[in-house]
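Colleague: Before I ask anything, here is the structure I am working with.
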Amino acid sequence: MNEKMPVLFIGHGSPMNAVLSNEYTEAISKSTENIPRPEAILVISAHWETDGTFITSSDSPEQIYDFYGFPKELYDIKYKPTGSKKYAQIVADELKELGVKLTEKWGIDHGAWSVLRHMYPKADIPVFQMSLNRLKDEQYHYNLGKKLSKLRDKGILIIGSGDIVHNLRIMDYDTFALPFDFATEFDNYISGSIEHREHENIIAYQKLGESAKLSVPTKEHYLPLLYIAGLQEESDEVNFIYKGIQNGSISMTSIKIG
C-alpha cells in the first residue's frame with residue numbers, strides 16, 4: 001500500500017540554477033527528505049505548451065536542452081531517469097474523457113531536470129511529463145489538477161514547475177538585486193492564497209491589477225501552480241520549501257502541500 005504523496009510547486013527560475021549552489025538549491029535538495037520514495041514523478045512544466053493535453057510515454061525519455069546561449073557546463077549535465085510508460089497509461093486512463101493523449105514526441109525539459117537533479121540526483125525514479133494546453137483558460141487547468149488527485153494514493157509525486165512571478169523583460173541581472181515591489185506584492189498574495197485555500201484568488205489572479213500584469217506577462221510559468229492548487233485538500237498542510245525572488249522579477253517560491 002502506497003503512502004499518500006504530497007504535491008509540490010517548484011519555482012525553477014533560470015536554467016543556471018541547475019549548476020549553482022545557493023540557498024534555493026540547498027532548500028529544494030532538502031525538500032525530499034521527508035517525502036516517501038515515489039513510484040514515479042509527474043512534472044507539469046512551464047516549458048511544454050501544446051494544442052491539447054499530452055503525456056509523455058517513452059521509457060527512454062530524451063533530455064531536452066530547451067535554452068540557448070548558456071555556459072557549456074549546463075549542456076554537460078546528464079539526467080537520464082527511466083520513463084514511466086505504465087504510469088503514463090494510468091494517468092491517460094484517468095483523463096481519457098478529456099481527450100488527453102499519450103506521446104513520445106517530447107522528453108524531459110529543463111523545467112523538470114534542472115530541479116530534479118537537486119531533488120533526486122541519482123535519477124533512479126521514473127519521470128514523465130504532462131503538457132500545458134495553451135488553448136484553455138485558468139479554470140480548465142485548475143479543474144484538470146483536481147482530476148489528478150487519485151494519483152497521490154498510487155505513489156506518484158506530482159510537481160508543478162514554473163514561477164509565480166516571471167518577467168524576463170524587466171529582470172535585473174545583478175545577482176543581489178532587490179525584488180521589485182510588484183513582484184513582492186504578487187508573490188505574497190498568491191502564497192497567502194495557497195496557505196488559506198483561497199483558490200478563487202489563484203484562478204482569477206488578474207483581479208490584483210497592475211502587479212498581476214507585471215508578474216504574469218505570459219501565463220506558461222504561472223499555470224503549473226493551478227494544478228497544484230487543484231490538488232490541495234482541506235486536510236493538507238502547507239509548507240514553504242523556499243521563499244524568495246531572484247533578479248528582481250523571478251519568484252523562486254516553492255511549496256509543499258500535504
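Identifiers in the C-alpha cells: chain A, B, ... in order shown; residue index from 1 per chain; ligand index from 1 in order shown.
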Kindly assemble as JSON lines a list of the segment 80-140 of chain A residues that lie within 7 Å of segment 5-18 of chain A, each paired with its nearest atom pair and their distance in Å to one decimal, using only C-alpha atoms, sorted first by chain and then by ascending residue number.
Modeller:
{"residue": "A:His110", "atom": "CA", "partner": "A:Pro15", "partner_atom": "CA", "distance": 6.8}
{"residue": "A:Gly111", "atom": "CA", "partner": "A:His12", "partner_atom": "CA", "distance": 6.6}
{"residue": "A:Ser114", "atom": "CA", "partner": "A:Ala18", "partner_atom": "CA", "distance": 4.6}
{"residue": "A:Val115", "atom": "CA", "partner": "A:Ala18", "partner_atom": "CA", "distance": 6.6}
Colleague: Report as CSV: every residue of segment 94-148 of chain A with an atom at most 6 Å from segment 224-247 of chain A, its closest pair of atoms, and their distance in Å to one decimal, counting only C-alpha atoms, with rows sorted by chain and ascending residue number.
Modeller:
residue,atom,partner,partner_atom,distance
A:Tyr142,CA,A:Leu226,CA,4.8
A:Gly145,CA,A:Tyr227,CA,4.0
A:Lys146,CA,A:Gly230,CA,4.6
Colleague: What are the DSSP alpha helix (DSSP H) residues of segment 13-120 of chain A, as a PyMOL selection string?
Modeller: chain A and resi 23-30+72-75+85-94+110-119
Colleague: Can you write just those residues out, N, CA, C and O atoms, as a short mmCIF file (atom, residue, chain, number, x, y, z; two decimals), in the first residue's frame?
Modeller:
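Writing the result to selection-v7.cif gives the following:
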data_model
loop_
_atom_site.label_atom_id
_atom_site.label_comp_id
_atom_site.auth_asym_id
_atom_site.auth_seq_id
_atom_site.Cartn_x
_atom_site.Cartn_y
_atom_site.Cartn_z
N GLU A 23 21.11 29.23 -1.58
CA GLU A 23 20.09 28.92 -0.59
C GLU A 23 18.90 28.20 -1.21
O GLU A 23 18.32 27.29 -0.61
N TYR A 24 18.55 28.61 -2.42
CA TYR A 24 17.41 27.99 -3.11
C TYR A 24 17.70 26.53 -3.45
O TYR A 24 16.90 25.63 -3.14
N THR A 25 18.84 26.25 -4.08
CA THR A 25 19.13 24.86 -4.47
C THR A 25 19.31 23.97 -3.25
O THR A 25 18.94 22.78 -3.28
N GLU A 26 19.88 24.52 -2.18
CA GLU A 26 20.01 23.74 -0.94
C GLU A 26 18.63 23.40 -0.38
O GLU A 26 18.39 22.29 0.12
N ALA A 27 17.70 24.37 -0.46
CA ALA A 27 16.35 24.15 0.08
C ALA A 27 15.60 23.08 -0.70
O ALA A 27 14.97 22.20 -0.11
N ILE A 28 15.66 23.13 -2.03
CA ILE A 28 14.92 22.12 -2.79
C ILE A 28 15.60 20.75 -2.69
O ILE A 28 14.93 19.73 -2.78
N SER A 29 16.93 20.74 -2.47
CA SER A 29 17.62 19.46 -2.27
C SER A 29 17.13 18.77 -1.01
O SER A 29 16.99 17.54 -0.97
N LYS A 30 16.86 19.56 0.03
CA LYS A 30 16.41 19.00 1.30
C LYS A 30 14.91 18.70 1.31
O LYS A 30 14.42 18.01 2.21
N LYS A 72 28.80 26.10 -21.23
CA LYS A 72 28.90 24.69 -21.62
C LYS A 72 28.57 23.75 -20.46
O LYS A 72 28.02 22.67 -20.68
N GLU A 73 28.90 24.13 -19.23
CA GLU A 73 28.68 23.24 -18.09
C GLU A 73 27.21 22.86 -17.94
O GLU A 73 26.88 21.78 -17.45
N LEU A 74 26.34 23.74 -18.39
CA LEU A 74 24.91 23.45 -18.29
C LEU A 74 24.51 22.37 -19.29
O LEU A 74 23.70 21.49 -18.98
N TYR A 75 25.09 22.43 -20.49
CA TYR A 75 24.78 21.44 -21.52
C TYR A 75 25.46 20.09 -21.24
O TYR A 75 25.10 19.07 -21.84
N LYS A 85 6.17 4.44 -18.66
CA LYS A 85 5.09 4.17 -19.60
C LYS A 85 3.83 3.66 -18.90
O LYS A 85 2.72 4.09 -19.21
N LYS A 86 4.01 2.76 -17.93
CA LYS A 86 2.82 2.19 -17.28
C LYS A 86 2.11 3.24 -16.45
O LYS A 86 0.87 3.25 -16.36
N TYR A 87 2.86 4.17 -15.85
CA TYR A 87 2.23 5.23 -15.06
C TYR A 87 1.58 6.26 -15.98
O TYR A 87 0.51 6.80 -15.66
N ALA A 88 2.21 6.54 -17.10
CA ALA A 88 1.61 7.45 -18.07
C ALA A 88 0.26 6.91 -18.54
O ALA A 88 -0.70 7.67 -18.72
N GLN A 89 0.19 5.61 -18.73
CA GLN A 89 -1.08 4.99 -19.16
C GLN A 89 -2.14 5.13 -18.07
O GLN A 89 -3.32 5.38 -18.37
N ILE A 90 -1.73 5.01 -16.81
CA ILE A 90 -2.67 5.19 -15.70
C ILE A 90 -3.26 6.60 -15.73
O ILE A 90 -4.48 6.79 -15.58
N VAL A 91 -2.42 7.60 -15.94
CA VAL A 91 -2.89 8.98 -15.99
C VAL A 91 -3.79 9.20 -17.20
O VAL A 91 -4.84 9.83 -17.11
N ALA A 92 -3.37 8.66 -18.34
CA ALA A 92 -4.18 8.81 -19.56
C ALA A 92 -5.55 8.19 -19.38
O ALA A 92 -6.57 8.74 -19.83
N ASP A 93 -5.62 7.03 -18.74
CA ASP A 93 -6.91 6.37 -18.49
C ASP A 93 -7.78 7.23 -17.57
O ASP A 93 -9.00 7.32 -17.76
N GLU A 94 -7.15 7.85 -16.59
CA GLU A 94 -7.87 8.69 -15.64
C GLU A 94 -8.48 9.91 -16.33
O GLU A 94 -9.53 10.42 -15.93
N HIS A 110 13.94 21.34 -19.27
CA HIS A 110 14.70 21.85 -18.12
C HIS A 110 13.81 22.27 -16.96
O HIS A 110 14.28 22.36 -15.82
N GLY A 111 12.52 22.47 -17.22
CA GLY A 111 11.59 22.70 -16.11
C GLY A 111 11.52 21.50 -15.19
O GLY A 111 11.21 21.63 -14.00
N ALA A 112 11.84 20.34 -15.73
CA ALA A 112 11.87 19.10 -14.93
C ALA A 112 13.28 18.78 -14.44
O ALA A 112 13.54 18.71 -13.25
N TRP A 113 14.23 18.59 -15.37
CA TRP A 113 15.53 18.05 -14.94
C TRP A 113 16.38 19.04 -14.15
O TRP A 113 17.18 18.64 -13.31
N SER A 114 16.18 20.35 -14.37
CA SER A 114 17.02 21.32 -13.65
C SER A 114 16.71 21.33 -12.16
O SER A 114 17.58 21.67 -11.34
N VAL A 115 15.48 20.94 -11.78
CA VAL A 115 15.15 20.85 -10.36
C VAL A 115 15.32 19.42 -9.83
O VAL A 115 15.78 19.22 -8.71
N LEU A 116 14.99 18.43 -10.65
CA LEU A 116 15.09 17.05 -10.19
C LEU A 116 16.53 16.63 -9.93
O LEU A 116 16.80 15.79 -9.08
N ARG A 117 17.48 17.24 -10.62
CA ARG A 117 18.88 16.87 -10.37
C ARG A 117 19.32 17.28 -8.97
O ARG A 117 20.27 16.71 -8.43
N HIS A 118 18.65 18.25 -8.38
CA HIS A 118 18.91 18.61 -6.98
C HIS A 118 18.08 17.76 -6.03
O HIS A 118 18.55 17.37 -4.96
N MET A 119 16.85 17.47 -6.42
CA MET A 119 15.92 16.78 -5.53
C MET A 119 16.13 15.27 -5.51
O MET A 119 16.04 14.63 -4.46
#
Colleague: Once DSSP has gone over the backbone, tell me which residues of segment 78-207 of chain A are in strand (DSSP E or B), as a VMD selection string.
Modeller: chain A and resid 101 to 103 108 127 to 133 156 to 162 166
Colleague: Report, in Å to a single decimal, how far apart atom CA of Met130 of chain A and atom CA of Val165 of chain A are.
Modeller: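 We find that atom CA of Val165 of chain A and atom CA of Met130 of chain A lie 21.4 Å from each other.
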Colleague: Separation of atom CA of Arg134 of chain A and atom CA of Gly52 of chain A, in Å?
Modeller: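 These two atoms are separated by 7.4 Å.
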